[in-house]
Amino acid sequence: MISYDGMFLGTERELTLLMFAFLTGMVLGSVFDLFRALRLSIRHPGWAVAAEDIAFCLIFGLTFFSFGVELTEGQPRLFVLAGMAAGFLVYLWSIGKIICGLLSKAADICKKPVKALVKLLKKAVAVLCGLPFLRRGKKKFQKELETLEDDSI
């Protein structure tokens, strides 16, 4: 284990931390790809996109904070943030394009069976709601409500 005094970490420790920060940025890039693929396959309103962006910023910030607490003795270091950002950008510009495309295709493939299942469930609910015993129950319930209203007047 490398020890250090005060603010000075030492070149070896800083390079190790920079490498870890770069790898952490790449992992964060893959998390961002999940959001990106979701946006590409499912249409989002503006508020949902904003909520996803805020969620990702919170994830990034908490990761940076945790990194600082665990590995730099609670002292935020600019080179750690730069390393995380560099790893994130390298991931997005390289393998991220491929991964996002694959995730988007997988979401498109999953979207069709889910739509079919929802359509089937809607039909089942419509059939169940149209059954005579359910209609009688609805009429009976409405009559009870009317008698309760008449009694309260």
# chains A, B, ... in the order shown; residues from 1 in each chain; ligands from 1
>>> select_by_dssp(residues="region 8-98 of chain A", states="helix (DSSP H, G or I)", output="PyMOL selection string")
chain A and resi 11-41+46-71+78-93+95-98
>>> atom_distance(atom1="CA of Leu102 (chain A)", atom2="CA of Ala21 (chain A)")
25.8 Å
>>> closest_residue(among="A:Glu146, A:Val118, A:Glu52, A:Leu28", to="Gly83 (chain A)", atoms="only C-alpha atoms")
A:Leu28
>>> closest_atom_pairs(of="region 2-55 of chain A", to="region 61-70 of chain A", cutoff="12 Å", atoms="only C-alpha atoms", output="CSV")
residue,atom,partner,partner_atom,distance
A:Leu17,CA,A:Phe67,CA,9.3
A:Leu18,CA,A:Phe67,CA,11.1
A:Phe20,CA,A:Phe67,CA,9.2
A:Ala21,CA,A:Phe67,CA,8.1
A:Phe22,CA,A:Phe64,CA,11.6
A:Leu23,CA,A:Phe67,CA,11.9
A:Thr24,CA,A:Thr63,CA,8.4
A:Gly25,CA,A:Thr63,CA,9.4
A:Val27,CA,A:Thr63,CA,10.5
A:Leu28,CA,A:Thr63,CA,8.7
A:Val31,CA,A:Thr63,CA,11.9
A:Ile54,CA,A:Gly61,CA,10.4
A:Ala55,CA,A:Gly61,CA,9.8
>>> residues_around(residues="Met19 (chain A)", least_positions_apart="5", cutoff="12 Å", atoms="only C-alpha atoms", output="PDB file with C-alpha atoms, in the first residue's frame")
ATOM      1  CA  GLU A  12       2.383   6.415  -8.901  1.00  0.00           C
ATOM      2  CA  ARG A  13      -0.800   6.685  -6.843  1.00  0.00           C
ATOM      3  CA  GLU A  14      -2.146   9.506  -9.028  1.00  0.00           C
ATOM      4  CA  THR A  24     -15.122   4.109 -13.993  1.00  0.00           C
ATOM      5  CA  GLY A  25     -15.987   6.628 -16.706  1.00  0.00           C
ATOM      6  CA  MET A  26     -16.260   3.794 -19.216  1.00  0.00           C
ATOM      7  CA  PHE A  79      -7.720  14.766 -12.349  1.00  0.00           C
ATOM      8  CA  VAL A  80     -10.176  12.095 -11.125  1.00  0.00           C
ATOM      9  CA  LEU A  81     -13.096  14.015 -12.618  1.00  0.00           C
ATOM     10  CA  ALA A  82     -11.133  14.529 -15.846  1.00  0.00           C
ATOM     11  CA  GLY A  83     -10.288  10.813 -15.976  1.00  0.00           C
ATOM     12  CA  MET A  84     -13.918   9.834 -15.485  1.00  0.00           C
ATOM     13  CA  ALA A  85     -15.042  12.267 -18.188  1.00  0.00           C
ATOM     14  CA  ALA A  86     -12.335  11.020 -20.569  1.00  0.00           C
ATOM     15  CA  GLY A  87     -13.335   7.379 -20.009  1.00  0.00           C
TER      16      GLY A  87
END
>>> atom_distance(atom1="CA of Ser94 (chain A)", atom2="CA of Cys110 (chain A)")
25.6 Å
>>> residues_around(residues="region 39-49 of chain A", least_positions_apart="6", cutoff="12 Å", atoms="only C-alpha atoms", output="number ranges by chain")
A: 32-33, 55-56, 100-112
>>> write_last_selection(atoms="N, CA and C atoms", output="PDB file, in the first residue's frame")
ATOM      1  N   PHE A  32     -25.049   5.080 -19.307  1.00  0.00           N
ATOM      2  CA  PHE A  32     -25.686   6.083 -20.152  1.00  0.00           C
ATOM      3  C   PHE A  32     -26.251   5.450 -21.420  1.00  0.00           C
ATOM      4  N   ASP A  33     -25.564   4.417 -21.948  1.00  0.00           N
ATOM      5  CA  ASP A  33     -26.052   3.714 -23.132  1.00  0.00           C
ATOM      6  C   ASP A  33     -27.410   3.067 -22.895  1.00  0.00           C
ATOM      7  N   ALA A  55     -31.332  11.850 -13.561  1.00  0.00           N
ATOM      8  CA  ALA A  55     -30.963  10.592 -12.899  1.00  0.00           C
ATOM      9  C   ALA A  55     -29.528  10.215 -13.236  1.00  0.00           C
ATOM     10  N   PHE A  56     -29.129  10.369 -14.502  1.00  0.00           N
ATOM     11  CA  PHE A  56     -27.756  10.031 -14.861  1.00  0.00           C
ATOM     12  C   PHE A  56     -26.763  10.980 -14.203  1.00  0.00           C
ATOM     13  N   CYS A 100     -24.856   0.638 -28.039  1.00  0.00           N
ATOM     14  CA  CYS A 100     -26.145   1.332 -28.078  1.00  0.00           C
ATOM     15  C   CYS A 100     -27.008   0.803 -29.211  1.00  0.00           C
ATOM     16  N   GLY A 101     -26.404   0.553 -30.356  1.00  0.00           N
ATOM     17  CA  GLY A 101     -27.154  -0.016 -31.475  1.00  0.00           C
ATOM     18  C   GLY A 101     -27.702  -1.392 -31.151  1.00  0.00           C
ATOM     19  N   LEU A 102     -26.874  -2.226 -30.505  1.00  0.00           N
ATOM     20  CA  LEU A 102     -27.332  -3.565 -30.123  1.00  0.00           C
ATOM     21  C   LEU A 102     -28.447  -3.504 -29.078  1.00  0.00           C
ATOM     22  N   LEU A 103     -28.297  -2.623 -28.098  1.00  0.00           N
ATOM     23  CA  LEU A 103     -29.340  -2.479 -27.075  1.00  0.00           C
ATOM     24  C   LEU A 103     -30.641  -1.965 -27.684  1.00  0.00           C
ATOM     25  N   SER A 104     -30.531  -1.046 -28.617  1.00  0.00           N
ATOM     26  CA  SER A 104     -31.718  -0.511 -29.272  1.00  0.00           C
ATOM     27  C   SER A 104     -32.433  -1.595 -30.068  1.00  0.00           C
ATOM     28  N   LYS A 105     -31.671  -2.419 -30.788  1.00  0.00           N
ATOM     29  CA  LYS A 105     -32.270  -3.531 -31.545  1.00  0.00           C
ATOM     30  C   LYS A 105     -32.936  -4.521 -30.602  1.00  0.00           C
ATOM     31  N   ALA A 106     -32.278  -4.821 -29.481  1.00  0.00           N
ATOM     32  CA  ALA A 106     -32.858  -5.748 -28.505  1.00  0.00           C
ATOM     33  C   ALA A 106     -34.155  -5.187 -27.930  1.00  0.00           C
ATOM     34  N   ALA A 107     -34.184  -3.882 -27.663  1.00  0.00           N
ATOM     35  CA  ALA A 107     -35.408  -3.261 -27.154  1.00  0.00           C
ATOM     36  C   ALA A 107     -36.516  -3.310 -28.198  1.00  0.00           C
ATOM     37  N   ASP A 108     -36.160  -3.107 -29.466  1.00  0.00           N
ATOM     38  CA  ASP A 108     -37.160  -3.192 -30.535  1.00  0.00           C
ATOM     39  C   ASP A 108     -37.726  -4.602 -30.641  1.00  0.00           C
ATOM     40  N   ILE A 109     -36.864  -5.600 -30.494  1.00  0.00           N
ATOM     41  CA  ILE A 109     -37.316  -6.992 -30.553  1.00  0.00           C
ATOM     42  C   ILE A 109     -38.250  -7.295 -29.383  1.00  0.00           C
ATOM     43  N   CYS A 110     -37.928  -6.784 -28.205  1.00  0.00           N
ATOM     44  CA  CYS A 110     -38.762  -7.030 -27.015  1.00  0.00           C
ATOM     45  C   CYS A 110     -40.060  -6.232 -27.055  1.00  0.00           C
ATOM     46  N   LYS A 111     -40.058  -5.122 -27.791  1.00  0.00           N
ATOM     47  CA  LYS A 111     -41.228  -4.245 -27.823  1.00  0.00           C
ATOM     48  C   LYS A 111     -42.422  -4.930 -28.486  1.00  0.00           C
ATOM     49  N   LYS A 112     -42.193  -5.720 -29.530  1.00  0.00           N
ATOM     50  CA  LYS A 112     -43.286  -6.362 -30.255  1.00  0.00           C
ATOM     51  C   LYS A 112     -44.042  -7.367 -29.392  1.00  0.00           C
TER      52      LYS A 112
END
